[in-house]
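Working notes, structure below.
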Amino acid sequence: MPVKSSNIVPKNSDGMSRYRVRCMTHGDLPQLMEIRREMKVHDVESCIDSWLTVDPRGINVVESEEGEIVGACCFIRNSEDLYFGGLYCVRSKFQGSGLGIHVWNACMDHVGPMNAALNAVPGKMELYRDKSGFPIVETEFKCQKNYTSEPVDPNNLSNIIPQGVTIESVQEYNLPALFDYDFSVVGYDRKLALALNCQEENSRTFVAVKNGACVGFGTIKLTCLGAGRVGPLYSDDSAVAEALLKTLIMSMPHVTGFVMNTVSSNVSARRLLKKLGVPLKEELTRMYRKEKLVADTKKIFGLYELNLAPF
């Protein structure tokens, strides 16, 4: 794959070092995760790796002449006409140098004329709306970051599920039903991303099945900071979601903390987190370039990702 690059001289450098923006490769992941750990962000390396496979040109990095990755940004192609942005970061010593706008522009070149969405952190909504081309603000929900560094007790959750429903570790034969269910929730095809999700290291995926049909599924993964992060977690009803969540937590007991990101409109998800003692840390504003996305948010108990996918 050709590497897209451009030379940049940061304003605050000694005038000698030069940088280029290029598409990220799988080999860049260790350096990117180092930056994300410095930022205290609960990203999952295997998840970023999977989405980079889905869209090999979807993540751009800023690289020094010495080969150091100093910044990154992504707009991942989620469907033919939808891209999702995030991972925007610049190492602290390079912030204010102007590198960030170059990697942002490279990502927007990748998006082209298509629709795109992102989650704006507090204080940045006006910037994205007024200066960055994301004029449409979601009013139905906020994206919520929920995290605790303390252990969570799965015994606080119920495993009582409706008659006829079973919960099992995902197998290859479950995938067609899981794909169909995911499509019914988010409204577009994510077969490749979901297949990769179910194969990632340091992760567990479980599916709820009734009469051969998928009625919910969930994944837990180990973050770069050692916590267990649940997402996606989708279900037809809260009882199945609760049992799935309990199963996921029990499947990964030796973690440091717990993360689950939610949509504010799903009050049942908030109730589950209250049972576990997981506090709300931050609310993000969903923004769109051309039009809002429609998803069945009452079935979304845990978001897949905050930086790579909308739901």
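Residues in the structure tokens are named by chain (A, B, ... in the order shown) and by number from 1 within that chain; ligands are numbered from 1 in the order shown.
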
> Looking only at the backbone, which of the residues in segment 59-243 of chain A does DSSP tag as alpha helix (DSSP H), as a PyMOL selection string?
Replying inline: chain A and resi 99-111+125-131+175-186+191-197+238-243

> as a PyMOL selection string, which residues of segment 153-251 of chain A does DSSP assign to strand (DSSP E or B)?
Replying inline: chain A and resi 165-169+203-210+213-222+228-235

Compile a residue-level contact table for segment 222-243 of chain A against segment 196-216 of chain A at a cut-off of 8 Å, reporting for every qualifying residue the shortest atom pair and its distance in Å to one decimal, with only C-alpha atoms counted, rows ordered by chain and ascending number, as a Markdown table.
| residue | atom | partner | partner_atom | distance |
| --- | --- | --- | --- | --- |
| A:Leu222 | CA | A:Asn202 | CA | 5.8 |
| A:Leu233 | CA | A:Gly216 | CA | 7.5 |
| A:Tyr234 | CA | A:Gly216 | CA | 5.2 |
| A:Ser235 | CA | A:Gly216 | CA | 3.9 |
| A:Asp236 | CA | A:Val215 | CA | 5.7 |
| A:Val240 | CA | A:Gly216 | CA | 7.2 |
| A:Ala241 | CA | A:Gly216 | CA | 7.2 |

Each residue of segment 155-234 of chain A lying at most 8 Å from segment 284-304 of chain A should get a row with its shortest atom-to-atom pair and the distance in Å to one decimal, counting only C-alpha atoms; could you produce that, ordered by chain and increasing number, as CSV?
residue,atom,partner,partner_atom,distance
A:Ser184,CA,A:Asp296,CA,7.9
A:Val185,CA,A:Asp296,CA,5.1
A:Val186,CA,A:Ala295,CA,4.7
A:Gly187,CA,A:Ala295,CA,6.4
A:Val230,CA,A:Gly302,CA,6.6
A:Gly231,CA,A:Tyr304,CA,4.5
A:Pro232,CA,A:Tyr304,CA,3.9
A:Leu233,CA,A:Gly302,CA,4.4
A:Tyr234,CA,A:Ile300,CA,4.8

Which residues, written as a compact mmCIF listing (two decimals) with all heavy atoms, in the first residue's frame, have at least one atom at most 10 Å from segment 19-34 of chain A, with only C-alpha atoms counted and residues fewer than 4 positions away on the same chain left out?
# COMPACT_ATOMS: atom_id res chain seq x y z
N MET A 1 0.84 -1.19 0.00
CA MET A 1 0.00 0.00 0.00
C MET A 1 0.88 1.23 0.00
O MET A 1 1.80 1.35 0.81
CB MET A 1 -0.88 -0.01 1.25
CG MET A 1 -1.82 1.17 1.36
SD MET A 1 -2.77 1.12 2.90
CE MET A 1 -1.46 1.42 4.08
N PRO A 2 0.66 2.18 -0.86
CA PRO A 2 1.48 3.39 -0.89
C PRO A 2 1.30 4.19 0.38
O PRO A 2 0.22 4.23 0.96
CB PRO A 2 0.96 4.15 -2.11
CG PRO A 2 -0.43 3.65 -2.32
CD PRO A 2 -0.40 2.21 -1.89
N VAL A 3 2.35 4.85 0.81
CA VAL A 3 2.31 5.67 2.00
C VAL A 3 2.12 7.12 1.62
O VAL A 3 2.89 7.67 0.82
CB VAL A 3 3.62 5.51 2.83
CG1 VAL A 3 3.62 6.47 4.00
CG2 VAL A 3 3.76 4.08 3.32
N LYS A 4 1.09 7.73 2.16
CA LYS A 4 0.83 9.13 1.90
C LYS A 4 1.62 9.96 2.90
O LYS A 4 1.56 9.73 4.10
CB LYS A 4 -0.67 9.40 2.06
CG LYS A 4 -1.08 10.84 1.83
CD LYS A 4 -2.57 10.96 1.99
CE LYS A 4 -3.04 12.38 1.79
NZ LYS A 4 -4.49 12.50 1.92
N SER A 5 2.38 10.94 2.43
CA SER A 5 3.20 11.70 3.36
C SER A 5 3.29 13.15 2.91
O SER A 5 3.06 13.49 1.76
CB SER A 5 4.61 11.10 3.45
OG SER A 5 5.28 11.23 2.22
N SER A 6 3.64 14.02 3.87
CA SER A 6 3.89 15.42 3.57
C SER A 6 4.85 15.95 4.61
O SER A 6 4.79 15.55 5.77
CB SER A 6 2.60 16.23 3.59
OG SER A 6 1.98 16.16 4.85
N ASN A 7 5.77 16.80 4.19
CA ASN A 7 6.76 17.35 5.11
C ASN A 7 6.16 18.51 5.90
O ASN A 7 5.45 19.35 5.36
CB ASN A 7 7.98 17.83 4.35
CG ASN A 7 8.78 16.67 3.79
OD1 ASN A 7 8.89 15.64 4.44
ND2 ASN A 7 9.32 16.83 2.60
N ILE A 8 6.47 18.54 7.17
CA ILE A 8 5.95 19.56 8.06
C ILE A 8 7.09 20.04 8.95
O ILE A 8 7.87 19.24 9.45
CB ILE A 8 4.83 19.00 8.96
CG1 ILE A 8 3.73 18.35 8.12
CG2 ILE A 8 4.26 20.09 9.86
CD1 ILE A 8 2.79 17.51 8.94
N VAL A 9 7.20 21.33 9.15
CA VAL A 9 8.14 21.89 10.11
C VAL A 9 7.34 22.48 11.25
O VAL A 9 6.66 23.50 11.08
CB VAL A 9 9.02 22.98 9.48
CG1 VAL A 9 10.00 23.53 10.52
CG2 VAL A 9 9.78 22.43 8.28
N PRO A 10 7.35 21.87 12.43
CA PRO A 10 6.57 22.39 13.55
C PRO A 10 7.09 23.74 14.02
O PRO A 10 8.28 23.99 14.03
CB PRO A 10 6.74 21.32 14.64
CG PRO A 10 8.01 20.62 14.30
CD PRO A 10 8.11 20.66 12.80
N GLU A 38 0.02 7.27 27.90
CA GLU A 38 0.42 8.54 28.50
C GLU A 38 -0.80 9.43 28.75
O GLU A 38 -0.83 10.21 29.71
CB GLU A 38 1.41 9.26 27.58
CG GLU A 38 2.78 8.60 27.51
CD GLU A 38 3.68 9.28 26.47
OE1 GLU A 38 3.22 10.25 25.84
OE2 GLU A 38 4.82 8.82 26.30
N MET A 39 -1.80 9.33 27.88
CA MET A 39 -3.02 10.12 28.02
C MET A 39 -4.02 9.52 29.01
O MET A 39 -5.07 10.11 29.27
CB MET A 39 -3.69 10.26 26.65
CG MET A 39 -2.87 10.98 25.60
SD MET A 39 -3.63 10.89 23.96
CE MET A 39 -5.18 11.76 24.24
N LYS A 40 -3.70 8.32 29.53
CA LYS A 40 -4.57 7.62 30.48
C LYS A 40 -5.91 7.26 29.84
O LYS A 40 -6.98 7.32 30.47
CB LYS A 40 -4.81 8.44 31.75
CG LYS A 40 -3.54 8.91 32.44
CD LYS A 40 -2.68 7.76 32.92
CE LYS A 40 -1.46 8.24 33.68
NZ LYS A 40 -0.55 7.13 34.05
N VAL A 41 -5.86 6.85 28.57
CA VAL A 41 -7.06 6.48 27.82
C VAL A 41 -7.16 4.96 27.76
O VAL A 41 -6.18 4.27 27.47
CB VAL A 41 -7.02 7.06 26.39
CG1 VAL A 41 -8.26 6.63 25.62
CG2 VAL A 41 -6.92 8.57 26.43
N HIS A 42 -8.35 4.44 28.02
CA HIS A 42 -8.55 2.99 28.04
C HIS A 42 -8.85 2.45 26.64
O HIS A 42 -9.93 1.92 26.36
CB HIS A 42 -9.67 2.63 29.01
CG HIS A 42 -9.25 2.66 30.44
ND1 HIS A 42 -8.57 1.62 31.03
CD2 HIS A 42 -9.36 3.62 31.38
CE1 HIS A 42 -8.31 1.92 32.30
NE2 HIS A 42 -8.76 3.13 32.53
N ASP A 43 -7.86 2.56 25.76
CA ASP A 43 -7.98 1.97 24.43
C ASP A 43 -7.55 0.51 24.47
O ASP A 43 -6.84 0.06 25.39
CB ASP A 43 -7.14 2.74 23.43
CG ASP A 43 -7.77 4.05 23.00
OD1 ASP A 43 -9.01 4.12 22.97
OD2 ASP A 43 -7.03 5.00 22.69
N VAL A 44 -7.94 -0.22 23.43
CA VAL A 44 -7.59 -1.64 23.31
C VAL A 44 -6.78 -1.81 22.02
O VAL A 44 -7.28 -1.54 20.93
CB VAL A 44 -8.86 -2.52 23.28
CG1 VAL A 44 -8.48 -3.98 23.04
CG2 VAL A 44 -9.64 -2.37 24.59
N GLU A 45 -5.54 -2.27 22.16
CA GLU A 45 -4.66 -2.38 21.00
C GLU A 45 -5.24 -3.30 19.94
O GLU A 45 -5.21 -2.98 18.75
CB GLU A 45 -3.29 -2.87 21.44
CG GLU A 45 -2.29 -2.98 20.30
CD GLU A 45 -0.87 -3.26 20.77
OE1 GLU A 45 -0.61 -3.20 21.98
OE2 GLU A 45 -0.01 -3.54 19.90
N SER A 46 -5.77 -4.45 20.36
CA SER A 46 -6.29 -5.41 19.39
C SER A 46 -7.50 -4.85 18.65
O SER A 46 -7.73 -5.16 17.48
CB SER A 46 -6.66 -6.72 20.08
OG SER A 46 -7.68 -6.51 21.05
N ILE A 48 -8.03 -1.57 17.89
CA ILE A 48 -7.50 -0.64 16.88
C ILE A 48 -6.90 -1.43 15.73
O ILE A 48 -7.09 -1.08 14.55
CB ILE A 48 -6.46 0.30 17.51
CG1 ILE A 48 -7.11 1.16 18.60
CG2 ILE A 48 -5.82 1.19 16.44
CD1 ILE A 48 -6.13 2.01 19.38
N ASP A 49 -6.22 -2.50 16.03
CA ASP A 49 -5.63 -3.36 15.01
C ASP A 49 -6.71 -3.91 14.08
O ASP A 49 -6.55 -3.93 12.85
CB ASP A 49 -4.86 -4.49 15.68
CG ASP A 49 -3.99 -5.27 14.72
OD1 ASP A 49 -3.26 -4.66 13.92
OD2 ASP A 49 -4.05 -6.52 14.77
N SER A 50 -7.84 -4.35 14.66
CA SER A 50 -8.93 -4.90 13.86
C SER A 50 -9.52 -3.85 12.93
O SER A 50 -9.75 -4.10 11.74
CB SER A 50 -10.04 -5.45 14.77
OG SER A 50 -9.59 -6.60 15.47
N LEU A 52 -8.09 -1.18 11.84
CA LEU A 52 -7.10 -0.85 10.81
C LEU A 52 -7.14 -1.87 9.68
O LEU A 52 -6.91 -1.53 8.51
CB LEU A 52 -5.70 -0.78 11.43
CG LEU A 52 -4.57 -0.31 10.51
CD1 LEU A 52 -4.81 1.10 10.00
CD2 LEU A 52 -3.23 -0.38 11.26
N THR A 53 -7.47 -3.11 10.01
CA THR A 53 -7.66 -4.12 8.97
C THR A 53 -8.91 -3.81 8.16
O THR A 53 -8.92 -3.96 6.93
CB THR A 53 -7.78 -5.51 9.62
OG1 THR A 53 -6.56 -5.82 10.31
CG2 THR A 53 -8.03 -6.59 8.56
N PRO A 56 -7.54 0.08 5.99
CA PRO A 56 -6.09 0.27 6.09
C PRO A 56 -5.62 1.71 5.92
O PRO A 56 -4.49 2.04 6.30
CB PRO A 56 -5.54 -0.62 4.97
CG PRO A 56 -6.60 -1.63 4.72
CD PRO A 56 -7.89 -0.90 4.95
N ARG A 57 -6.45 2.58 5.38
CA ARG A 57 -6.08 3.99 5.23
C ARG A 57 -6.80 4.90 6.23
O ARG A 57 -6.74 6.13 6.12
CB ARG A 57 -6.36 4.46 3.80
CG ARG A 57 -5.61 3.68 2.73
CD ARG A 57 -5.74 4.33 1.36
NE ARG A 57 -5.05 5.61 1.31
CZ ARG A 57 -3.74 5.76 1.05
NH1 ARG A 57 -2.99 4.69 0.84
NH2 ARG A 57 -3.20 6.95 1.03
N GLY A 58 -7.45 4.28 7.20
CA GLY A 58 -8.30 5.05 8.10
C GLY A 58 -7.61 5.75 9.24
O GLY A 58 -8.21 6.62 9.88
N ILE A 59 -6.37 5.39 9.55
CA ILE A 59 -5.64 6.03 10.64
C ILE A 59 -4.38 6.66 10.07
O ILE A 59 -3.62 6.01 9.35
CB ILE A 59 -5.25 5.03 11.75
CG1 ILE A 59 -6.48 4.24 12.23
CG2 ILE A 59 -4.60 5.76 12.92
CD1 ILE A 59 -6.17 3.18 13.26
N ASN A 60 -4.17 7.92 10.38
CA ASN A 60 -2.96 8.63 9.97
C ASN A 60 -2.11 8.96 11.18
O ASN A 60 -2.63 9.21 12.28
CB ASN A 60 -3.31 9.91 9.21
CG ASN A 60 -3.66 9.65 7.76
OD1 ASN A 60 -2.81 9.64 6.88
ND2 ASN A 60 -4.95 9.43 7.51
N VAL A 61 -0.80 8.98 10.99
CA VAL A 61 0.14 9.31 12.07
C VAL A 61 1.09 10.40 11.59
O VAL A 61 1.30 10.59 10.39
CB VAL A 61 0.95 8.08 12.53
CG1 VAL A 61 0.04 7.05 13.17
CG2 VAL A 61 1.74 7.46 11.38
N VAL A 62 1.65 11.11 12.56
CA VAL A 62 2.73 12.06 12.30
C VAL A 62 4.02 11.39 12.76
O VAL A 62 4.13 10.96 13.91
CB VAL A 62 2.54 13.38 13.06
CG1 VAL A 62 3.63 14.37 12.67
CG2 VAL A 62 1.17 13.96 12.80
N GLU A 63 4.99 11.32 11.85
CA GLU A 63 6.25 10.62 12.14
C GLU A 63 7.43 11.56 11.95
O GLU A 63 7.49 12.34 10.99
CB GLU A 63 6.39 9.42 11.19
CG GLU A 63 7.65 8.61 11.42
CD GLU A 63 7.80 7.50 10.38
OE1 GLU A 63 7.51 7.76 9.19
OE2 GLU A 63 8.20 6.39 10.77
N SER A 64 8.38 11.50 12.88
CA SER A 64 9.60 12.30 12.78
C SER A 64 10.59 11.61 11.85
O SER A 64 10.43 10.45 11.47
CB SER A 64 10.23 12.48 14.15
OG SER A 64 10.82 11.27 14.60
N GLU A 65 11.63 12.35 11.49
CA GLU A 65 12.69 11.78 10.66
C GLU A 65 13.34 10.58 11.34
O GLU A 65 13.85 9.68 10.67
CB GLU A 65 13.76 12.83 10.36
CG GLU A 65 13.34 13.89 9.36
CD GLU A 65 14.45 14.87 9.07
OE1 GLU A 65 15.10 15.35 10.01
OE2 GLU A 65 14.67 15.15 7.87
N GLU A 66 13.32 10.57 12.66
CA GLU A 66 13.93 9.48 13.42
C GLU A 66 13.00 8.28 13.58
O GLU A 66 13.37 7.28 14.19
CB GLU A 66 14.36 9.98 14.81
CG GLU A 66 15.45 11.05 14.80
CD GLU A 66 14.94 12.42 14.36
OE1 GLU A 66 13.74 12.71 14.58
OE2 GLU A 66 15.74 13.18 13.79
N GLY A 67 11.78 8.38 13.03
CA GLY A 67 10.83 7.27 13.10
C GLY A 67 9.95 7.28 14.32
O GLY A 67 9.24 6.31 14.58
N GLU A 68 9.94 8.38 15.08
CA GLU A 68 9.08 8.48 16.25
C GLU A 68 7.68 8.93 15.84
O GLU A 68 7.52 9.92 15.13
CB GLU A 68 9.65 9.47 17.26
CG GLU A 68 8.79 9.60 18.52
CD GLU A 68 9.28 10.68 19.47
OE1 GLU A 68 10.13 11.51 19.05
OE2 GLU A 68 8.81 10.71 20.61
N ILE A 69 6.67 8.19 16.30
CA ILE A 69 5.28 8.59 16.09
C ILE A 69 4.94 9.62 17.17
O ILE A 69 5.03 9.34 18.37
CB ILE A 69 4.32 7.40 16.19
CG1 ILE A 69 4.71 6.32 15.16
CG2 ILE A 69 2.89 7.86 15.98
CD1 ILE A 69 4.68 6.76 13.73
N VAL A 70 4.57 10.84 16.74
CA VAL A 70 4.32 11.91 17.69
C VAL A 70 2.85 12.34 17.73
O VAL A 70 2.47 13.15 18.57
CB VAL A 70 5.22 13.13 17.41
CG1 VAL A 70 6.69 12.73 17.46
CG2 VAL A 70 4.89 13.76 16.07
N GLY A 71 2.03 11.82 16.83
CA GLY A 71 0.62 12.17 16.82
C GLY A 71 -0.16 11.25 15.92
O GLY A 71 0.41 10.50 15.12
N ALA A 72 -1.49 11.29 16.07
CA ALA A 72 -2.35 10.41 15.27
C ALA A 72 -3.77 10.97 15.22
O ALA A 72 -4.17 11.80 16.05
CB ALA A 72 -2.36 9.00 15.84
N CYS A 73 -4.51 10.49 14.25
CA CYS A 73 -5.94 10.80 14.12
C CYS A 73 -6.53 9.75 13.19
O CYS A 73 -5.81 9.19 12.33
CB CYS A 73 -6.14 12.21 13.56
SG CYS A 73 -7.88 12.74 13.44
N CYS A 74 -7.82 9.48 13.32
CA CYS A 74 -8.45 8.51 12.42
C CYS A 74 -9.81 8.98 11.97
O CYS A 74 -10.50 9.74 12.67
CB CYS A 74 -8.56 7.14 13.10
SG CYS A 74 -9.94 6.99 14.27
N LEU A 87 -9.29 9.13 18.05
CA LEU A 87 -7.87 8.87 18.32
C LEU A 87 -6.99 10.12 18.17
O LEU A 87 -5.78 10.01 18.08
CB LEU A 87 -7.31 7.77 17.41
CG LEU A 87 -7.87 6.36 17.56
CD1 LEU A 87 -7.20 5.42 16.56
CD2 LEU A 87 -7.69 5.83 18.98
N CYS A 89 -4.60 12.77 18.80
CA CYS A 89 -3.63 12.95 19.87
C CYS A 89 -2.29 13.43 19.30
O CYS A 89 -1.93 13.12 18.17
CB CYS A 89 -3.41 11.65 20.64
SG CYS A 89 -2.86 10.24 19.65
N ARG A 91 1.73 14.02 21.08
CA ARG A 91 2.54 13.94 22.30
C ARG A 91 2.65 15.32 22.94
O ARG A 91 2.76 16.33 22.24
CB ARG A 91 3.93 13.39 21.99
CG ARG A 91 3.97 11.91 21.65
CD ARG A 91 5.40 11.43 21.54
NE ARG A 91 5.51 10.07 21.05
CZ ARG A 91 5.51 8.98 21.82
NH1 ARG A 91 5.40 9.11 23.13
NH2 ARG A 91 5.63 7.78 21.28
N LEU A 99 1.19 20.41 14.35
CA LEU A 99 1.18 19.07 13.76
C LEU A 99 -0.23 18.51 13.68
O LEU A 99 -0.59 17.80 12.73
CB LEU A 99 2.07 18.13 14.57
CG LEU A 99 3.57 18.40 14.53
CD1 LEU A 99 4.30 17.48 15.50
CD2 LEU A 99 4.12 18.22 13.13
N GLY A 100 -1.05 18.81 14.67
CA GLY A 100 -2.37 18.22 14.75
C GLY A 100 -3.24 18.52 13.54
O GLY A 100 -3.94 17.65 13.03
N HIS A 102 -2.38 19.03 10.52
CA HIS A 102 -1.93 18.30 9.33
C HIS A 102 -2.46 16.87 9.33
O HIS A 102 -2.91 16.37 8.29
CB HIS A 102 -0.41 18.31 9.25
CG HIS A 102 0.17 19.65 8.93
ND1 HIS A 102 0.28 20.12 7.64
CD2 HIS A 102 0.66 20.63 9.72
CE1 HIS A 102 0.82 21.33 7.64
NE2 HIS A 102 1.06 21.66 8.89
N VAL A 103 -2.41 16.21 10.48
CA VAL A 103 -2.90 14.83 10.52
C VAL A 103 -4.43 14.82 10.42
O VAL A 103 -5.01 13.93 9.80
CB VAL A 103 -2.39 14.10 11.78
CG1 VAL A 103 -3.04 14.61 13.05
CG2 VAL A 103 -2.56 12.60 11.64
N TRP A 104 -5.09 15.84 10.97
CA TRP A 104 -6.54 15.98 10.81
C TRP A 104 -6.91 16.14 9.33
O TRP A 104 -7.81 15.47 8.82
CB TRP A 104 -7.05 17.18 11.61
CG TRP A 104 -8.46 17.57 11.31
CD1 TRP A 104 -8.88 18.44 10.34
CD2 TRP A 104 -9.65 17.10 11.95
NE1 TRP A 104 -10.24 18.57 10.36
CE2 TRP A 104 -10.76 17.76 11.32
CE3 TRP A 104 -9.90 16.22 13.00
CZ2 TRP A 104 -12.07 17.54 11.72
CZ3 TRP A 104 -11.23 16.00 13.39
CH2 TRP A 104 -12.28 16.65 12.75
N ASN A 105 -6.20 17.02 8.63
CA ASN A 105 -6.49 17.25 7.21
C ASN A 105 -6.29 15.99 6.38
O ASN A 105 -7.04 15.74 5.42
CB ASN A 105 -5.63 18.39 6.68
CG ASN A 105 -6.07 19.75 7.20
OD1 ASN A 105 -7.19 19.91 7.67
ND2 ASN A 105 -5.17 20.72 7.14
N ALA A 106 -5.27 15.20 6.71
CA ALA A 106 -5.05 13.95 5.98
C ALA A 106 -6.24 13.01 6.16
O ALA A 106 -6.67 12.34 5.22
CB ALA A 106 -3.76 13.28 6.45
N CYS A 107 -6.77 12.97 7.37
CA CYS A 107 -7.94 12.13 7.63
C CYS A 107 -9.16 12.63 6.86
O CYS A 107 -9.93 11.84 6.30
CB CYS A 107 -8.23 12.09 9.12
SG CYS A 107 -7.05 11.13 10.08
N CYS A 224 -5.31 -0.99 27.39
CA CYS A 224 -3.88 -0.74 27.50
C CYS A 224 -3.46 -0.32 28.91
O CYS A 224 -2.26 -0.29 29.22
CB CYS A 224 -3.44 0.32 26.49
SG CYS A 224 -4.20 1.95 26.72
N LEU A 225 -4.45 -0.02 29.76
CA LEU A 225 -4.16 0.33 31.16
C LEU A 225 -4.56 -0.79 32.11
O LEU A 225 -4.54 -0.61 33.33
CB LEU A 225 -4.89 1.62 31.53
CG LEU A 225 -4.46 2.87 30.75
CD1 LEU A 225 -5.32 4.07 31.14
CD2 LEU A 225 -2.98 3.17 30.98

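If only C-alpha atoms are the atoms counted, then among A:Gln163, A:Ser264, A:Asn174, A:Thr223 the closest residue to Phe141 of chain A is A:Ser264.
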
Within 12 Å of Phe258 of chain A, counting only C-alpha atoms, which residues show up once you throw out same-chain ones fewer than 5 positions away? Write them as a PDB file with C-alpha atoms, in the first residue's frame, please.
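Wrote selection-v7.pdb, looks like this:
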ATOM      1  CA  HIS A  42      -8.550   2.990  28.042  1.00  0.00           C
ATOM      2  CA  LYS A 145     -17.660   7.376  29.627  1.00  0.00           C
ATOM      3  CA  ASN A 146     -18.026   5.189  32.723  1.00  0.00           C
ATOM      4  CA  TYR A 147     -15.001   3.905  34.608  1.00  0.00           C
ATOM      5  CA  THR A 148     -13.789   2.696  37.974  1.00  0.00           C
ATOM      6  CA  SER A 149     -10.311   1.643  39.042  1.00  0.00           C
ATOM      7  CA  GLU A 150     -11.882  -0.567  41.716  1.00  0.00           C
ATOM      8  CA  PRO A 151     -12.841  -4.209  41.179  1.00  0.00           C
ATOM      9  CA  VAL A 152     -16.470  -4.775  40.276  1.00  0.00           C
ATOM     10  CA  ASP A 153     -18.460  -7.662  41.744  1.00  0.00           C
ATOM     11  CA  PRO A 154     -20.448  -9.656  39.165  1.00  0.00           C
ATOM     12  CA  ILE A 220     -15.017  -7.692  27.104  1.00  0.00           C
ATOM     13  CA  LYS A 221     -11.408  -6.729  26.301  1.00  0.00           C
ATOM     14  CA  LEU A 222      -8.272  -5.861  28.212  1.00  0.00           C
ATOM     15  CA  THR A 223      -7.360  -2.176  27.820  1.00  0.00           C
ATOM     16  CA  LEU A 225      -4.163   0.330  31.158  1.00  0.00           C
ATOM     17  CA  GLY A 226      -5.149  -3.129  32.375  1.00  0.00           C
ATOM     18  CA  ALA A 227      -8.894  -2.635  32.875  1.00  0.00           C
ATOM     19  CA  GLY A 228     -11.682  -4.780  31.497  1.00  0.00           C
ATOM     20  CA  ARG A 229     -13.694  -2.833  28.915  1.00  0.00           C
ATOM     21  CA  VAL A 230     -17.131  -4.073  27.870  1.00  0.00           C
ATOM     22  CA  GLY A 231     -18.293  -3.168  24.392  1.00  0.00           C
ATOM     23  CA  LEU A 245     -22.644  -8.411  31.459  1.00  0.00           C
ATOM     24  CA  LEU A 248     -18.431 -11.125  30.604  1.00  0.00           C
ATOM     25  CA  ILE A 249     -17.091  -9.801  33.907  1.00  0.00           C
ATOM     26  CA  MET A 252     -12.062 -11.853  32.787  1.00  0.00           C
ATOM     27  CA  PRO A 253     -11.488 -11.703  36.554  1.00  0.00           C
ATOM     28  CA  LEU A 273     -23.601   0.353  36.110  1.00  0.00           C
ATOM     29  CA  LEU A 276     -21.687  -2.379  39.901  1.00  0.00           C
ATOM     30  CA  GLY A 277     -20.760   0.963  41.463  1.00  0.00           C
ATOM     31  CA  VAL A 278     -19.286   2.338  38.219  1.00  0.00           C
ATOM     32  CA  PRO A 279     -19.504   6.155  38.081  1.00  0.00           C
ATOM     33  CA  LEU A 280     -20.072   8.394  35.078  1.00  0.00           C
TER      34      LEU A 280
END

Name the residues in contact with Ser158 of chain A at a cut-off of 10 Å, using only C-alpha atoms, excluding same-chain residues fewer than 5 positions from it; report them as a short mmCIF file (atom, residue, chain, number, x, y, z; two decimals) with C-alpha atoms, in the first residue's frame.
data_model
loop_
_atom_site.label_atom_id
_atom_site.label_comp_id
_atom_site.auth_asym_id
_atom_site.auth_seq_id
_atom_site.Cartn_x
_atom_site.Cartn_y
_atom_site.Cartn_z
CA ALA A 239 -32.50 -8.98 31.68
CA VAL A 240 -30.45 -10.56 28.89
CA ALA A 241 -28.06 -7.59 28.89
CA GLU A 242 -27.55 -7.97 32.64
CA ALA A 243 -26.85 -11.71 32.35
CA LEU A 244 -24.45 -11.11 29.47
CA LEU A 245 -22.64 -8.41 31.46
CA LYS A 246 -22.31 -10.71 34.47
CA THR A 247 -20.93 -13.49 32.25
CA LEU A 272 -26.61 -1.87 35.54
#

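Of the listed residues A:Val170, A:Leu306, A:Leu127, A:Cys143, the one whose atoms come nearest to Val263 of chain A is A:Cys143, with distances taken using only C-alpha atoms.
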
> Quick one: residues within 12 Å of Met114 of chain A, only C-alpha atoms counted, chain neighbours fewer than 6 positions away excluded, as an MDAnalysis selection string?
Replying inline: chainID A and resid 75:84 108 133 288:291
